[in-house]
Amino acid sequence: MANKLVEIQPSELRFIFELKKQSSCSVQLINNSIHYVAFKVKTTAPKKYCVRPNVGIALPNTTCDFTVTMQAQKVAPSDLQCKDKFLVQSTIVPYGTMEEGLQPNLFSKDSGNYIEEIKLRVVLVSAPHSPVLQPINGSLHQDPPPSTAPVLDGNHAPKEPPVFKEPSFPKETPPKDQVLSGVQNLYTSRVSEDISVEKIIAARVGRLESKFNEAEQIIARLSEEHASTSQEKSRLQQEVVLLRRRAAAKGQVGFPFLFVCFVTTVAFIVGYLLHS
């Protein structure tokens with residue numbers, strides 16, 4: 001694609017480094033397109049950082065924020081140099097897609113989707129009056145932590161591509177007061193949810209009862225119409241039978257009269273012939 005789907009500000013993650021203290025950095029993700037864009041944040045040190053949210057949906061031409069938190073460190077890196085990196089993946093999703101509808105393999109390259117990737121590097125900044133780095137002979141110096149990496153021959157070790165994973169680390173245990181407050185809020189929310197559910201159920205029951213009453217009225221009206229139709233049908237059948245009987249009676253009465261006329265005519269003709 002010619003234009004980038006998203007823009008990340010700032011272009012690097014700056015953390016104020018203090019031993020045994022967390023540090024956070026706010027990041028803005030700007031959707032420059034007219035599409036719904038899903039994004040996912042990964043890092044090369046998933047146990048060291050927490051990203052909230054690390055997966056989300058950016059609406060067209062809008063900005064959404066996510067926060068990156070660095071876990072409290074017990075040892076400072078040499079000269080505050082950090083090789084950690086972050087990767088922000090983004091791809092177009094159908095209009096109206098919600099976070100719950102995102103597929104697990106959406107950001108996989110095997111899925112066939114166009115995936116835009118933006119890499120961010122981490123920069124550590126020493127806090128004011130921090131004892132992490134002490135000036136020695138006019139320059140900053142700190143003994144580097146012992147390295148467990150194998151020794152390689154040659155002046156330069158071969159570089160391997162960074163492996164990005166989803167950030168996660170164990171959650172800290174909240175204070176007791178915070179736990180009690182959370183339980184109380186949870187109980188209150190559950191009670192309010194139960195009340196709202198009861199209201200919804202009552203409203204639905206009321207609608208069902210009104211529909212049931214309407215159905216009873218319709219059935220009663222149809223029953224009356226059926227009874228009226230049956231009576232009308234019976235009356236018509238009786239009238240048809242009566243008309244048939246009348247027609248048969250007329251036929252029986254008219255037949256002897258014609259027969260008498262015929263006999264009289266024949267007798268007259270025979271008498272005439274005999275006298276002539």
# chains A, B, ... in the order shown; residues from 1 in each chain; ligands from 1
call {"tool": "residues_around", "arguments": {"residues": "A:Lys20", "least_positions_apart": "4", "cutoff": "9 Å", "atoms": "only C-alpha atoms", "output": "VMD selection string"}}
result
chain A and resid 71 to 75
call {"tool": "residues_around", "arguments": {"residues": "stretch 94-102 of chain A", "least_positions_apart": "6", "cutoff": "7 Å", "atoms": "only C-alpha atoms", "output": "PyMOL selection string"}}
result
chain A and resi 35-36+56-57
call {"tool": "atom_distance", "arguments": {"atom1": "atom CA of A:Ser126", "atom2": "atom CA of A:Lys42"}}
result
24.8 Å
call {"tool": "closest_atom_pairs", "arguments": {"of": "stretch 40-67 of chain A", "to": "stretch 110-120 of chain A", "cutoff": "12 Å", "atoms": "only C-alpha atoms", "output": "Markdown table"}}
result
| residue | atom | partner | partner_atom | distance |
| --- | --- | --- | --- | --- |
| A:Lys40 | CA | A:Glu117 | CA | 9.6 |
| A:Val41 | CA | A:Ile118 | CA | 9.6 |
| A:Lys42 | CA | A:Lys119 | CA | 9.5 |
| A:Thr43 | CA | A:Leu120 | CA | 9.2 |
| A:Thr44 | CA | A:Leu120 | CA | 10.9 |
